[in-house]
Structures are given as C-alpha cells and as structure tokens.
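Below you'll find the structure, written out as structure tokens, and then a few comments.
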Amino acid sequence: MSSINVDTSISKTPIPLEAKDLPTVCVLCSHNCGLRVDVADGKISKVRADASNPITDGYVCNKGFSIGRYAHHEQRTRFPLRRKPGGGFECIDWDTAIREIAEKLGSIVAEHSPRSVGLAGVGGQGNHMDGNYALTFLDALGSPWWFNALAQEKTQHFLIDQWVFDAPPQSWFHPDIENTSLLFAMGTNPRVSNRGHAANDTFKRLSENPNQALWVVDPRETETTRQADHHLQTKPGSDAYLLLGIAASIASTEGLANAEFIQNHTRDFEVLQKSLAEVDVAEMARRSGITLERLQDAASAIARADSAAIMYDLAVEQLPFSTLISYLIRVISALTGNAAQPGGNIFVETHSPPEWHANRWADTERTRAADIRGIRAIGGFPMWSPNLIPEEIEVDHPEALRALIVEAANPVLSYSDANAFRAAREKLELLVVIDPAMTETAELADYVLPTPVGYEKWEIAGFPKKQPEIHLQLRPPVIPALEEGLPEPEIYVRLAEAMGLVGPVPEELHALAPSATTGPGAAAIFAKVQELATNRAEILFWGYRTIGQQLPAPSLVAIWVLALQNAFARRESVLRTLGDEWQEADSFALGMELFQRILDHPEGLEIARTRPVTENFDTNVGYEDKRARLAPEEMLSEIARAIENDLPTDPDYPFVLASGLRTQWNANTIQRDPKWRKGRGPHCALHLSESDADTLGVSSGDPLRIRTKRGQIELPAAVDSKLREGHVWMPNGFGMAYPDASGKLVVQGANPNELSDARDRDPISGCPHHKYTLCAVERVAS
C-alpha cells in the first residue's frame, strides 16, 4: 500500500494513498454523521454511511456524500502567504511567517494593549481540535475578545440557563423527543435541516405514533408542517409574542400551571405572574397572526400534555427579542413542570464535563462600542457575536481592535454586514487568516496561513449528541495534507513560543513524557507540570511539546487532558460505562484507560453515561436550594419592552426577508466548489409567494433585485405557493467566487450579508436579526 510521509505535527505515521473503509464523519453541519470512506490516490473516492457509528447509527443526509469536494478543490491554501506592498501575495516559509506575525502582534500589544487583539472563528463545523489551543493562546496574550459564529445563533441560551437554573455552560437545554407526549417545534424545519438525531427517521416515527402529538410553528408550509398534527402559521418574526401569549395564558388560567412543580422547584413565580398579567393575550395573538382561540389551544395542549418539549433553532434565534424567546421557552417549560424532566426539555451533556466556575457570576468584559457582555458558552471563556467586530475596530477607544486573527471562518460571507467588515478592515493594522481555503476574507488578509482540512489531520467534534450516553469520536486523518499546511494547534504553539508567552520546556518534562499514557506516568508528569508552569498556557503547550511527542499527533495532548478531566470530574458517569472492574482504579489510571479506548475506536464510542433523566433537574441546577429563578430582572424588562413594541415595519421596505435558511444544497460557506450540488437549480433564489409574484409580474427564474438600507443583490425568483404574502427567503452559503472550467472566477448565487445591518441585533446578546430583515423587492428590467 503506497503512502506519503507527513509533517509529524499532523501524524507520526505515514498516511496511505490507497485505503478502504476508513471511519470518519461529515463536517458539513453540526450533526457530524458517521461515515466510511475509501481513498484512491490520496483523495476521498467513495463515501457511505457508517452503521457502526454509535452516535448517528448509520444515518446520513445527501450532503455527507459530497465531502470529497470540501477536501479537494481549486482554492485550497498550500503555502504561507504574505501580502505584497503593491497588492497580491507572495509565498514565504513558516519561520518567516511566524516570526513576522509574532513581531507585529507584539508591537500592537506593546503600543496599545493586549485587548487590541481579537480572535474570530475557531472550531469550524466538526473540527474542534483547535479550540483549546486557540483560546489558550488568546488568554496568554491577555485578550478576552473571542468572536464566534455560535454567538450569532445560540449564546443567549447559555446566558438564560445560567440566570434561570445556574446550569453549567457545557450543558445544552434540548427537547427529550423520544420520550415526550407533545413536541412543540419552532424555528426549524428538521426534515430538511436535519435538526435533532436522525431527523427524518425521528419525525417519521413522531407522525406515526398515536401517543405523541406534533405542533409546529412556522410562517411557511414545510416538509415538517405537513406531518404535524397542528400547524401554527404565524406571521414572520412574531415568535416572541406567541410565546409571551402562551406563557401568560398558562400563568393566568386556573389548572394550567403545574402548581406542585412551581412550589417545589422554582422561586419568584409571583413576580413573574405579576409581569405576565400585563400581557394582553388577544393582542399577542393578533401580532402573531393567529386567532386568540388558536393561541389558547396551544397553551392548553402544552400544559395538559403528560409531558411537553419545545424544540427550537435558528429561525427563532435570529429574530427580534431572541433572548426573550430563549427565556420564555424555559419559563413555559418550568410552568408546565417539564423543565429538566423526562419527556420535557432536559440538559444534555457533551464530552466536556460540566463545571460550575467559581467566577461565573462575575460580570464579564463588555464591548467598548455597545457595552454588550461576553457570554460564557460551551465553557468558561466568554464569547461575543461576530457582528460586533466592525464597530470594535472603528470605535474611538485607546484599546480598539487593531489586530484580528480569523481562523476557520469567513467573515465577509458568514458574519452580518459584509459592507461594515470590509470598511473596518481598512483600519486594522494586522489581519491574519488561518484557513484551508483562499476565502473572500483571506483575500483581504496581510498573512494567510494554510491548514489541513478536517480529513487531513486528527480531529474531534464537540456538539451535543445523545442522552444519557456521552459519546466521543476522535478521527485520525484519512488523506494526506497538501504541501505545507500545519494544524491549527501547531500554529498557536509556535506563535506563543515566538512571542515569549511560554518559557522553554523544562527537561524534567521531556524525561517524564515517555510514560505519560500510563496511570502512574500521567500522575507524575501532571504533578510536575503543575509545579513548574507559571501560567495556564505553559500547562497545555509544554504538554504539546512533551507528551504530544509520544502520541500519534501532538495535538492529541488535548484529548489526553480531556480523558483526565472526565475521570476526575465525572468519575461516576465514566464508571457506568467502563464497568465495575474499574471501581478501585485511581482517576489517573481511569483517565488513561479512557484515553486508550478513545484512540482504539475511531468510529466513536461511549465514554460516560449520565445519571437517569429523572435526576436531570437536580444534576444541572446549580443553585444551592435547587430552585429555578423564574424572574431575572433583565427578562422582566424585556417582557415590558415586548409588550410595548410590535415588530418594526417600513413602507419603503415592505417585505420581510428570512436570510440563511437551510436547504439540501447549502452548507454554510465550508463548501466552495459548486459542483457538489445536484439538479437544475437555481440553488440560490429568492422565494416569494404567488400573490407577491403576481403583483411584481414575475415568474420563477425572472431576475429580482432585493434592497435594504445596507445594500442590494440580484437573484432569480422562485415562486412558492407555501409562503405568506410579504414573506421572502433565501439560503446562506452563497456569494463565493469559484473558478469555472476556463479559470474565470464566477460568483455563485449571492451573499445575504450584503443586505444585513450589524446594528440590527438583540440588545443583550448581540445576536443578529437575520430572519427578520426589512427589504424591498423589485423586478429587474430586461
């Protein structure tokens, strides 16, 4: 079998150019469906679902079969690049790139502040091995500024879960779909988006089970609403009012609220009840575009069901009042006795053990321009919405952002308000892009650092999966990396060393490293590094340079640490999986056994099992009295603001655009080669109702111009009988330029963020209102 030698920072063993049946995952969305691939001549040649994968059980959607296009395309970065003074790029070696970037960062830190440096991205799709290294570097530098795509979707949930439950930031509040009597789904079309576990199979079972009811809230008729028992076809963007009306109905109608649960498991119900008493339920129904009777029917159904769970996703997370929506979901769950209960919404753990940080109630940093707090999501490091980046560069402040590292992200296409980002970039003194592709953002960079794609290096994904099983899948590389690409961990370690953020590795650690994967050896080196390290960065980065050299790839020291964290922080859960024979083992031995099992099972495995779901509430509520707080002060203010304000309208922009909807043929911006898409298309079109098409005098395929206050784009029309009048939508993941057969760059579809305004966002989280953008739509004259 032929093979290719690779940089030892990627893998210590040669990677075969020809291979069959290698386990991996799809990295095109957060579900990371298990796959098996064949490799021919160093390229992915065949893809199929992996029935042996214990996480996705053989499920895969159409996108998974296209992963070869993500790995092999014309715009891969191959060498470090430096911008030339006159424009364009030149190739440089890694030593030069690291030295120059380190010097420029050091100068900015010295002249201004560490807080003048920001990091955008990290953890693109299912490639999360970089996370610990990137954030450790940022922390060592002394900067808090991490802007991540999760914060333009979901960080409000972590904030609300802390306020209401004091829940750990590693846990996610998810619907217990398999065990619920009633599923109330909003902001999602799982039959297309694949939201949830094996979505098509799950929703087929739901529709066939007479003991489960499915309610779906959606302005559109969709593949999911057609299977629902009840479809609430609300006005676009009105979900906060719908939930406010439901919560008020439950709180005020005798017999609907679960008095026993409220008395035993919550505090401040009377305060909340007083606030909800100000809600005009009939007015909330009017704003939602449904009848009062229909709203009250929904409230009664949720409250009277044996159990009820609320499923939610992007189309409610990117709306006006998105933090209030998150809060009301928890309120309704608690008022009906379904919060962290079987069949309700339960806290789902990931492979990172839950941890209540001692400083979790301390106020986090706030942005200089808009005073928006960072939110501790996923772990203890605060995170900000990336649509705040331009104003943090433009702000008149001595510590304004002057350097930005963009890793595994493409802000020009993926973040709100491309116009604002391009303008702000001109004020940056340094823009470094770390990416396997020459993206639209990379074209603006001072330095472009190539990195392997997720199939060319060891990788892991941290998205929540099943419950009570906690799974982990560590994926070895299945194809060789191109030319000089380095894994992100190696880049961050080199930068930290070049900037003097970590000291030289002590010889004692090199001496202890060879036995570090045994229980006693792990204990010895762990104790020594704790003794010698002067900062947190040295703990990880010294481990990378010592323990990492004994592993299949040095980046795996992060998994070594993770295994120990599981053994120490949730020993009982690990023992439920490993078995009684490990009861007497110390935690270091337990951790190293877990680490070896992880290495031995690239198809994925169970590493721990949580307590029974009947204990989910007590396990995840951190307040000492084990009671949820129903009335956080900021949320009572948001209730009042929502009562006072209907959705904005503008006669000059009479349409409501929902941008970034998922289809079978978009994959954010990770897929650059358009040849992965099948069918006639157009795959990027503006969908509009039949009545709006008649008014405009257009048919499917006719060109349309979409205008907002920030910009305009043109797209073909797609007349959609399932849409309400005045509601239009388009997918994301388009607007990138890719060479055609002649080498000419051709723009694929259009970028919805040419239309969005970074200031159109939630005031608490900074999450953008992508699913409620006011726009004008015009026929383009032929």
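Identifiers in the structure tokens: chain A, B, ... in order shown; residue index from 1 per chain; ligand index from 1 in order shown.
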Practice problem: Show which residues sit within 8 Å of region 748-764 of chain A, as a PyMOL selection string. Count only C-alpha atoms, and ignore same-chain residues fewer than 5 positions away. | Solution: chain A and resi 319-323+372-373+387-388+412-420+659-660+674+683-685+707-715+730-738+769-770+773
Practice problem: Would you kindly return, as a ChimeraX atom specification, each protein, DNA or RNA residue with an atom no farther than 9 Å from any atom of region 459-474 of chain A, considering only C-alpha atoms and excluding same-chain residues fewer than 3 positions away? | Solution: /A:24-25,27,30-32,53-56,123,125-130,171-172,176,196-197,347-352,454-456,477,556,559,573,577,598-599,601-613
Quiz prompt | 9 Å contact set for Glu283 (chain A), only C-alpha atoms, chain neighbours under 4 positions out, as a VMD selection string | solution = chain A and resid 241 245 279 287 to 288 292
Only N, CA, C and O atoms, please: the residues just picked out, written as a short mmCIF file (atom, residue, chain, number, x, y, z; two decimals), in the first residue's frame.
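Saved to selection-v5.cif:
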```
data_model
loop_
_atom_site.label_atom_id
_atom_site.label_comp_id
_atom_site.auth_asym_id
_atom_site.auth_seq_id
_atom_site.Cartn_x
_atom_site.Cartn_y
_atom_site.Cartn_z
N TYR A 241 -43.99 37.07 20.61
CA TYR A 241 -45.35 37.40 21.02
C TYR A 241 -46.18 36.13 21.23
O TYR A 241 -47.00 36.05 22.16
N GLY A 245 -47.76 35.20 24.80
CA GLY A 245 -49.18 34.91 24.98
C GLY A 245 -49.41 33.55 25.61
O GLY A 245 -50.29 33.39 26.48
N VAL A 279 -49.65 41.31 30.13
CA VAL A 279 -49.70 40.87 28.74
C VAL A 279 -51.15 40.78 28.28
O VAL A 279 -51.99 40.13 28.93
N ARG A 287 -50.72 39.99 16.96
CA ARG A 287 -49.37 40.22 16.45
C ARG A 287 -48.79 38.95 15.83
O ARG A 287 -47.96 39.01 14.91
N SER A 288 -49.21 37.80 16.35
CA SER A 288 -48.70 36.52 15.84
C SER A 288 -49.40 36.09 14.56
O SER A 288 -48.93 35.15 13.90
N LEU A 292 -57.06 34.21 18.79
CA LEU A 292 -56.89 34.04 20.24
C LEU A 292 -57.18 32.59 20.62
O LEU A 292 -56.47 32.00 21.44
#
```
Practice problem: Within 9 Å of Asn535 (chain A), counting only C-alpha atoms, which residues show up once you throw out same-chain ones fewer than 4 positions away? Write them as a list of chain:residue names, please. | Solution: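 Near neighbours after the sequence-gap exclusion: A:Ala140, A:Leu501, A:Val502, A:Ile539.
Residue nearest Pro504 (chain A) within the list A:Ala377, A:Ala524, A:Leu35, A:Ala533: A:Ala533 [criterion: smallest interatomic distance, only C-alpha atoms].
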His265 (chain A): which residues within 8 Å, counting only C-alpha atoms, same-chain residues fewer than 2 positions away excluded, as an mmCIF file with all heavy atoms, in the first residue's frame?
```cif
data_model
loop_
_atom_site.group_PDB
_atom_site.id
_atom_site.type_symbol
_atom_site.label_atom_id
_atom_site.label_comp_id
_atom_site.auth_asym_id
_atom_site.auth_seq_id
_atom_site.Cartn_x
_atom_site.Cartn_y
_atom_site.Cartn_z
ATOM 1 N N PHE A 261 -44.964 21.553 40.845
ATOM 2 C CA PHE A 261 -43.595 21.768 40.364
ATOM 3 C C PHE A 261 -43.137 23.183 40.700
ATOM 4 O O PHE A 261 -42.005 23.392 41.149
ATOM 5 C CB PHE A 261 -43.531 21.537 38.847
ATOM 6 C CG PHE A 261 -42.135 21.598 38.283
ATOM 7 C CD1 PHE A 261 -41.345 20.466 38.204
ATOM 8 C CD2 PHE A 261 -41.608 22.804 37.832
ATOM 9 C CE1 PHE A 261 -40.057 20.524 37.689
ATOM 10 C CE2 PHE A 261 -40.324 22.880 37.315
ATOM 11 C CZ PHE A 261 -39.543 21.728 37.243
ATOM 12 N N ILE A 262 -44.003 24.150 40.504
ATOM 13 C CA ILE A 262 -43.652 25.539 40.778
ATOM 14 C C ILE A 262 -43.307 25.714 42.254
ATOM 15 O O ILE A 262 -42.319 26.378 42.607
ATOM 16 C CB ILE A 262 -44.807 26.475 40.355
ATOM 17 C CG1 ILE A 262 -44.945 26.488 38.832
ATOM 18 C CG2 ILE A 262 -44.574 27.888 40.887
ATOM 19 C CD1 ILE A 262 -46.198 27.172 38.328
ATOM 20 N N GLN A 263 -44.100 25.107 43.125
ATOM 21 C CA GLN A 263 -43.862 25.241 44.564
ATOM 22 C C GLN A 263 -42.572 24.559 45.001
ATOM 23 O O GLN A 263 -41.822 25.099 45.829
ATOM 24 C CB GLN A 263 -45.040 24.652 45.347
ATOM 25 C CG GLN A 263 -44.878 24.761 46.858
ATOM 26 C CD GLN A 263 -46.075 24.212 47.606
ATOM 27 O OE1 GLN A 263 -47.095 23.869 47.006
ATOM 28 N NE2 GLN A 263 -45.975 24.122 48.923
ATOM 29 N N ARG A 267 -38.529 29.571 42.214
ATOM 30 C CA ARG A 267 -38.700 30.751 43.050
ATOM 31 C C ARG A 267 -39.231 31.893 42.190
ATOM 32 O O ARG A 267 -39.077 31.893 40.973
ATOM 33 C CB ARG A 267 -37.355 31.182 43.661
ATOM 34 C CG ARG A 267 -36.913 30.357 44.855
ATOM 35 C CD ARG A 267 -35.573 30.823 45.394
ATOM 36 N NE ARG A 267 -35.542 32.279 45.653
ATOM 37 C CZ ARG A 267 -34.508 32.909 46.200
ATOM 38 N NH1 ARG A 267 -33.430 32.229 46.557
ATOM 39 N NH2 ARG A 267 -34.550 34.207 46.393
ATOM 40 N N LYS A 626 -31.627 24.385 44.864
ATOM 41 C CA LYS A 626 -32.143 23.567 43.763
ATOM 42 C C LYS A 626 -33.486 24.088 43.246
ATOM 43 O O LYS A 626 -34.376 23.313 42.887
ATOM 44 C CB LYS A 626 -32.280 22.095 44.184
ATOM 45 C CG LYS A 626 -30.953 21.416 44.497
ATOM 46 C CD LYS A 626 -30.040 21.372 43.271
ATOM 47 C CE LYS A 626 -28.690 20.740 43.556
ATOM 48 N NZ LYS A 626 -27.803 20.752 42.374
ATOM 49 N N ARG A 627 -33.593 25.393 43.132
ATOM 50 C CA ARG A 627 -34.805 26.017 42.610
ATOM 51 C C ARG A 627 -34.457 26.935 41.439
ATOM 52 O O ARG A 627 -33.507 27.716 41.518
ATOM 53 C CB ARG A 627 -35.525 26.824 43.696
ATOM 54 C CG ARG A 627 -36.144 25.970 44.791
ATOM 55 C CD ARG A 627 -36.749 26.845 45.886
ATOM 56 N NE ARG A 627 -37.369 26.030 46.916
ATOM 57 C CZ ARG A 627 -38.645 25.644 46.896
ATOM 58 N NH1 ARG A 627 -39.422 26.029 45.895
ATOM 59 N NH2 ARG A 627 -39.140 24.897 47.858
ATOM 60 N N ALA A 628 -35.244 26.834 40.377
ATOM 61 C CA ALA A 628 -35.070 27.712 39.230
ATOM 62 C C ALA A 628 -35.578 29.106 39.568
ATOM 63 O O ALA A 628 -36.588 29.264 40.264
ATOM 64 C CB ALA A 628 -35.833 27.161 38.031
#
```
Self-check item: Residue contacts of Thr546 (chain A) (8 Å, only C-alpha atoms) excluding same-chain residues fewer than 5 positions away, as a VMD selection string
Solution: chain A and resid 509 to 510 513
Self-check item: Surrounding residues of region 696-706 of chain A excluding itself and chain neighbours under 3 positions, 6 Å, only C-alpha atoms, as a PyMOL selection string
Solution: chain A and resi 693+712-719+776-780
Quiz item: Taking into account only C-alpha atoms, which residue in the set A:Ser637, A:Ile491, A:Gly679, A:Pro353 is nearest to Phe568 (chain A)?
Solution: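 The answer is A:Pro353, which sits nearest to Phe568 (chain A).
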List every residue of region 310-351 of chain A that DSSP, applied to the backbone, labels as strand (DSSP E), and write the result as an mmCIF file with C-alpha atoms, in the first residue's frame.
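Written file, part_7.cif:
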```cif
data_model
loop_
_atom_site.group_PDB
_atom_site.id
_atom_site.type_symbol
_atom_site.label_atom_id
_atom_site.label_comp_id
_atom_site.auth_asym_id
_atom_site.auth_seq_id
_atom_site.Cartn_x
_atom_site.Cartn_y
_atom_site.Cartn_z
ATOM 1 C CA ILE A 310 -40.071 22.672 22.977
ATOM 2 C CA MET A 311 -37.736 22.318 20.007
ATOM 3 C CA TYR A 312 -36.134 25.492 18.661
ATOM 4 C CA ASN A 345 -36.562 19.754 27.887
ATOM 5 C CA ILE A 346 -33.534 18.205 29.513
ATOM 6 C CA PHE A 347 -29.907 19.221 29.888
ATOM 7 C CA VAL A 348 -27.698 17.234 27.535
#
```
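Nearest residue to Leu276 (chain A), choosing from A:Ile44, A:Ala134, A:Ala247, A:Leu206 and counting only C-alpha atoms: A:Ala247.
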Quiz item: Taking the backbone alone, and naming residues the way the document does, which bits of region 135-243 of chain A are helix (DSSP H, G or I) by DSSP, as a PyMOL selection string?
Solution: chain A and resi 135-141+149-152+155-165+177-179+190-193+199-208+225-227+239-243
With only C-alpha atoms counted and 12 Å as the cut-off, give the residues of region 75-123 of chain A in contact with region 391-411 of chain A, each with its shortest interatomic distance in Å and the pair that gives it, as JSON lines.
```
{"residue": "A:Ile101", "atom": "CA", "partner": "A:Ile405", "partner_atom": "CA", "distance": 10.2}
{"residue": "A:Ala102", "atom": "CA", "partner": "A:Ala403", "partner_atom": "CA", "distance": 11.4}
{"residue": "A:Lys104", "atom": "CA", "partner": "A:Ala403", "partner_atom": "CA", "distance": 8.8}
{"residue": "A:Leu105", "atom": "CA", "partner": "A:Ala403", "partner_atom": "CA", "distance": 7.2}
{"residue": "A:Gly106", "atom": "CA", "partner": "A:Ala403", "partner_atom": "CA", "distance": 10.5}
{"residue": "A:Ser107", "atom": "CA", "partner": "A:Ala403", "partner_atom": "CA", "distance": 10.5}
{"residue": "A:Ile108", "atom": "CA", "partner": "A:Arg402", "partner_atom": "CA", "distance": 7.3}
{"residue": "A:Val109", "atom": "CA", "partner": "A:Ala403", "partner_atom": "CA", "distance": 9.4}
{"residue": "A:Ala110", "atom": "CA", "partner": "A:Glu399", "partner_atom": "CA", "distance": 11.4}
{"residue": "A:Glu111", "atom": "CA", "partner": "A:Glu399", "partner_atom": "CA", "distance": 9.9}
{"residue": "A:His112", "atom": "CA", "partner": "A:Glu399", "partner_atom": "CA", "distance": 6.2}
{"residue": "A:Ser113", "atom": "CA", "partner": "A:Glu399", "partner_atom": "CA", "distance": 6.0}
{"residue": "A:Pro114", "atom": "CA", "partner": "A:Glu399", "partner_atom": "CA", "distance": 8.2}
{"residue": "A:Arg115", "atom": "CA", "partner": "A:Glu399", "partner_atom": "CA", "distance": 6.0}
{"residue": "A:Ser116", "atom": "CA", "partner": "A:Leu401", "partner_atom": "CA", "distance": 4.2}
{"residue": "A:Val117", "atom": "CA", "partner": "A:Ala403", "partner_atom": "CA", "distance": 4.8}
{"residue": "A:Gly118", "atom": "CA", "partner": "A:Leu404", "partner_atom": "CA", "distance": 4.8}
{"residue": "A:Leu119", "atom": "CA", "partner": "A:Ile405", "partner_atom": "CA", "distance": 4.8}
{"residue": "A:Ala120", "atom": "CA", "partner": "A:Val406", "partner_atom": "CA", "distance": 4.7}
{"residue": "A:Gly121", "atom": "CA", "partner": "A:Ala409", "partner_atom": "CA", "distance": 5.0}
{"residue": "A:Val122", "atom": "CA", "partner": "A:Glu407", "partner_atom": "CA", "distance": 5.3}
{"residue": "A:Gly123", "atom": "CA", "partner": "A:Ala408", "partner_atom": "CA", "distance": 6.5}
```
